[in-house]
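*Asks:* First the structure, then my questions, so here it is.
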Amino acid sequence: MAVSELATRFDADFEIDETGPSQDEMYAFVKARESGARTYANSIGVVIEKGRLARVTDSAGKDYLDCLSCAGTLATGHNHPYILAKVEEFLQSGHVLQALDMTTPAKYRFLVKLLECLPPEFARHVRFQSCGPSGADAVEAALKLFKTATGRRTVLAFHGAYHGMTAGALALTGNLTAKRQVASIMPDVHFLPYPYSYRCPFGLGGEQSDVTSLAYIERMLTDPESGVTAPAAMIVEAIQGEGGVIPASAKWLRGIREITARLDIPLIIDEIQTGFGRTGDMFAFEHAGIVPDAVVISKAVGGGFPLSMLLYHEKYDTWQAGAHAGTFRGNQIAMVAGAACLEVIQAEQLVAQARAKGNYLETRLRELACRFSILGDIRGRGLMWGIEVIAPDAAPDAIGSYPADGAMARTIKQRCLANGLIIETGGRHSAVLRLLPPLIISEQELDEAIDKLSRSIQEALG
């Protein structure tokens with residue numbers, strides 16, 4: 001059935017020219033029929049058609065610099081030629097495309113390559129659990145594993161956290177939007193203060209945020225009247241992503257590892273968005289020199305295809321066969337693409353490049369903050385940056401932080417799109433502009449991104 005016939009069948013008022021639908025027609029058609037839960041499409045009102053490394057093109061032929069890269073998934077950008085070649089070779093090989101969790105050559109090669117990328121002390125005792133396509137499924141697997149291994153039920157998470165949208169993962173997520181109308185999500189979750197220096201939960205700021213957060217957490221966990229039973233696990237992001245790009249200091253992470261190790265609380269690091277070079281280290285937790293008990297990974301590890309995994313210390317491998325299952329945990333195409341992606345990251349030294357480019361990007365962003373008073377805080381690491389938009393004419397709080405201005409952040413984001421730059425917003429009140437460019441982005445393209453961002457801010461201010 002032709003596209004125009006489909007349109008007539010579903011909506012008599014919706015007409016598409018026989019020569020092919022226009023961008024506006026395609027967007028309107030999908031918007032009219034898609035779920036109200038859709039997100040990115042609401043603010044990126046174009047039809048993205050083609051991509052090449054750090055750039056995409058819409059169906060009307062307009063070019064964009066992509067500093068969202070599928071929420072940090074595309075470490076090597078769109079359609080990296082080496083990854084495409086490996087996938088095309090595999091598709092022509094006759095090898096199975098799906099295999100549940102059976103052993104295949106693709107799985108073997110992927111796991112060997114993944115093992116090479118892990119910190120040696122963690123890799124020495126690691127066990128792998130292949131999970132479903134999304135990172136949330138790896139989080140669900142981690143919950144099952146540690147509740148089984150410890151015999152406990154309580155889980156500790158942090159204010160501002162984001163761990164996914166399935167029931168258990170959502171219960172661990174700080175943002176309330178998706179939780180308000182959903183009854184009976186996983187119980188026995190307790191939220192702890194994350195060291196957010198700019199908006200310190202204790203009203204202190206600076207290094208005192210770290211010190212007080214650690215002191216509070218330790219005292220709560222050792223208080224026989226805290227109301228919190230012995231935890232099965234603690235889950236934390238070394239840099240909160242959706243929560244507004246909030247990096248935890250190395251000192252704080254080391255403190256968290258010391259407390260959890262001493263109190264026999266398994267520590268899970270969520271590296272779904274930060275893993276594989278994004279922060280200037282292969283994994284964000286390496287910045288602190290710690291060894292967690294488990295790491296959940298997804299996004300970049302699949303080379304652009306859906307894949308997630310739970311990696312954990314062998315001493316916790318106490319669950320039984322079938323304790324966590326799923327049809328697509330044997331996504332062979334993702335494993336082939338993932339192995340190729342890891343090869344590119346290593347061969348092109350993209351981790352070191354992300355660190356160097358991140359230093360350059362930070363300098364440029366701080367120059368912007370000096371020009372525009374609405375940019376209240378610049379934070380991040382590697383190629384993961386957040387710019388908190390504020391209302392500088394309002395009254396600051398006790399530590400000098402101004403109110404967040406989500407409306408202005410959304411206006412800037414829309415101006416960026418009009419100017420050929422794709423970014424996203426996040427954090428409290430969606431007031432943080434988020435930059436997650438692919439690791440292969442050039443310095444010239446970073447300059448282009450800053451120029452377009454600067455122009456967009458100026459336009460938003462009128």
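Ordering of the structure tokens sets the chain letters (A, B, ...); residue numbers start at 1 within each chain; ligands are numbered from 1 in the order shown.
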Quick one: residues within 6 Å of Phe158 (chain A), only C-alpha atoms counted, chain neighbours fewer than 4 positions away excluded, as a PyMOL selection string?

*Replies:* chain A and resi 191-194

*Asks:* Excluding Val344 (chain A) and its own-chain neighbours fewer than 6 positions away, which residues fall within 12 Å of it when counting only C-alpha atoms? Please give them as a PyMOL selection string.

*Replies:* chain A and resi 75-77+80-84+86+113+117+276-277+300-301+303+337-338+350-351+439-440

*Asks:* Name the residues of region 113-263 of chain A that fall into helix (DSSP H, G or I) according to DSSP on the backbone, using the chain letters and numbers of this document, as a ChimeraX atom specification.

*Replies:* /A:113-117,120-123,135-150,167-171,197-199,207-222,250-262

*Asks:* Quick one: residues within 7 Å of Val245 (chain A), only C-alpha atoms, excluding same-chain residues fewer than 6 positions away - as an mmCIF file with C-alpha atoms, in the first residue's frame?

*Replies:*
data_model
loop_
_atom_site.group_PDB
_atom_site.id
_atom_site.type_symbol
_atom_site.label_atom_id
_atom_site.label_comp_id
_atom_site.auth_asym_id
_atom_site.auth_seq_id
_atom_site.Cartn_x
_atom_site.Cartn_y
_atom_site.Cartn_z
ATOM 1 C CA ILE A 239 28.462 11.581 36.837
ATOM 2 C CA ARG A 379 30.267 21.335 34.778
ATOM 3 C CA GLY A 380 31.275 18.016 33.307
ATOM 4 C CA TRP A 385 28.948 18.777 29.749
ATOM 5 C CA GLY A 386 26.083 20.586 31.412
#

*Asks:* For CA of Thr148 (chain A) and CA of Ala321 (chain A), determine how far apart the two atoms are, in Å to one decimal place.

*Replies:*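 Distance reported for this atom pair: 12.6 Å.
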
*Asks:* I'd like to know which of A:Ala431, A:Ala409, A:Ile345, A:Ala449 is closest to Glu116 (chain A), using only C-alpha atoms.

*Replies:*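 Smallest separation from Glu116 (chain A) among the options: A:Ile345.
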
*Asks:* Smallest atom-to-atom distance to Asp63 (chain A): which of A:Gly51, A:Gly426, A:Pro21, A:Gly420, using only C-alpha atoms?

*Replies:*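 Closest to Asp63 (chain A), using only C-alpha atoms: A:Gly420.
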
*Asks:* Kindly give the distance, in Å, that separates CA of Leu461 (chain A) and CA of Ile399 (chain A), rounded to a single decimal.

*Replies:*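 Interatomic distance, CA of Leu461 (chain A) to CA of Ile399 (chain A): 26.0 Å.
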
*Asks:* For region 30-33 of chain A, work out the shell of residues within 9 Å, counting only C-alpha atoms and skipping chain neighbours fewer than 5 positions away, then give it as a list of chain:residue names.

*Replies:*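 Counting only the stated atoms, we get A:Glu25, A:Ala41, A:Asn42.
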
*Asks:* Taking only C-alpha atoms into account, name the residue in A:Leu417, A:Ala323, A:His313, A:Gln23 that is nearest to Glu121 (chain A).

*Replies:*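 For Glu121 (chain A), the nearest of the given residues is A:His313.
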
*Asks:* Suppose you want the space between CA of Glu271 (chain A) and CA of Leu91 (chain A); what is it in Å?

*Replies:*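 Between CA of Glu271 (chain A) and CA of Leu91 (chain A) the gap works out to 29.3 Å.
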
*Asks:* Report as a VMD selection string all protein, DNA and RNA residues lying within 12 Å of Thr363 (chain A), evaluated on only C-alpha atoms, omitting residues in the same chain fewer than 5 positions from it.

*Replies:* chain A and resid 356 to 358 368 to 370 378 to 381 385 446 to 447 450

*Asks:* Considering only C-alpha atoms, return as an NGL selection string whatever protein or nucleic-acid residues lie within 8 Å of region 324-334 of chain A, sequence-local ones (same chain, fewer than 5 positions apart) excluded.

*Replies:* :A and (87 or 90 or 96-102 or 106-107 or 130-133 or 141 or 144 or 302-308)

*Asks:* For the residues in that selection, give me C-alpha atoms as a tab-separated table (two decimals), in the first residue's frame.

*Replies:*
chain	number	residue	atom	x	y	z
A	87	VAL	CA	28.22	-5.30	10.33
A	90	PHE	CA	28.60	-10.23	9.36
A	96	VAL	CA	22.94	-16.53	13.15
A	97	LEU	CA	21.51	-13.07	13.87
A	98	GLN	CA	19.84	-14.02	17.15
A	99	ALA	CA	20.82	-16.85	19.50
A	100	LEU	CA	19.24	-16.25	22.92
A	101	ASP	CA	22.26	-16.54	25.24
A	102	MET	CA	23.98	-19.38	23.40
A	106	ALA	CA	30.29	-13.09	17.64
A	107	LYS	CA	29.65	-13.38	21.38
A	130	SER	CA	23.93	-10.46	28.90
A	131	CYS	CA	20.69	-8.52	29.34
A	132	GLY	CA	17.89	-7.21	27.15
A	133	PRO	CA	18.37	-4.35	24.72
A	141	ALA	CA	19.34	-7.77	36.60
A	144	LYS	CA	17.87	-9.43	41.27
A	302	GLY	CA	26.58	-1.82	21.26
A	303	GLY	CA	28.23	0.32	18.60
A	304	GLY	CA	24.89	1.94	17.77
A	305	PHE	CA	22.79	-1.20	18.21
A	306	PRO	CA	20.74	-2.14	21.32
A	307	LEU	CA	22.76	-4.02	23.94
A	308	SER	CA	23.16	-3.99	27.72

*Asks:* Of the candidates A:Val46, A:Ala248, A:Ala157, A:Leu214, which one gets nearest to Asn175 (chain A) if we count only C-alpha atoms?

*Replies:*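 Smallest separation from Asn175 (chain A) among the options: A:Ala157.
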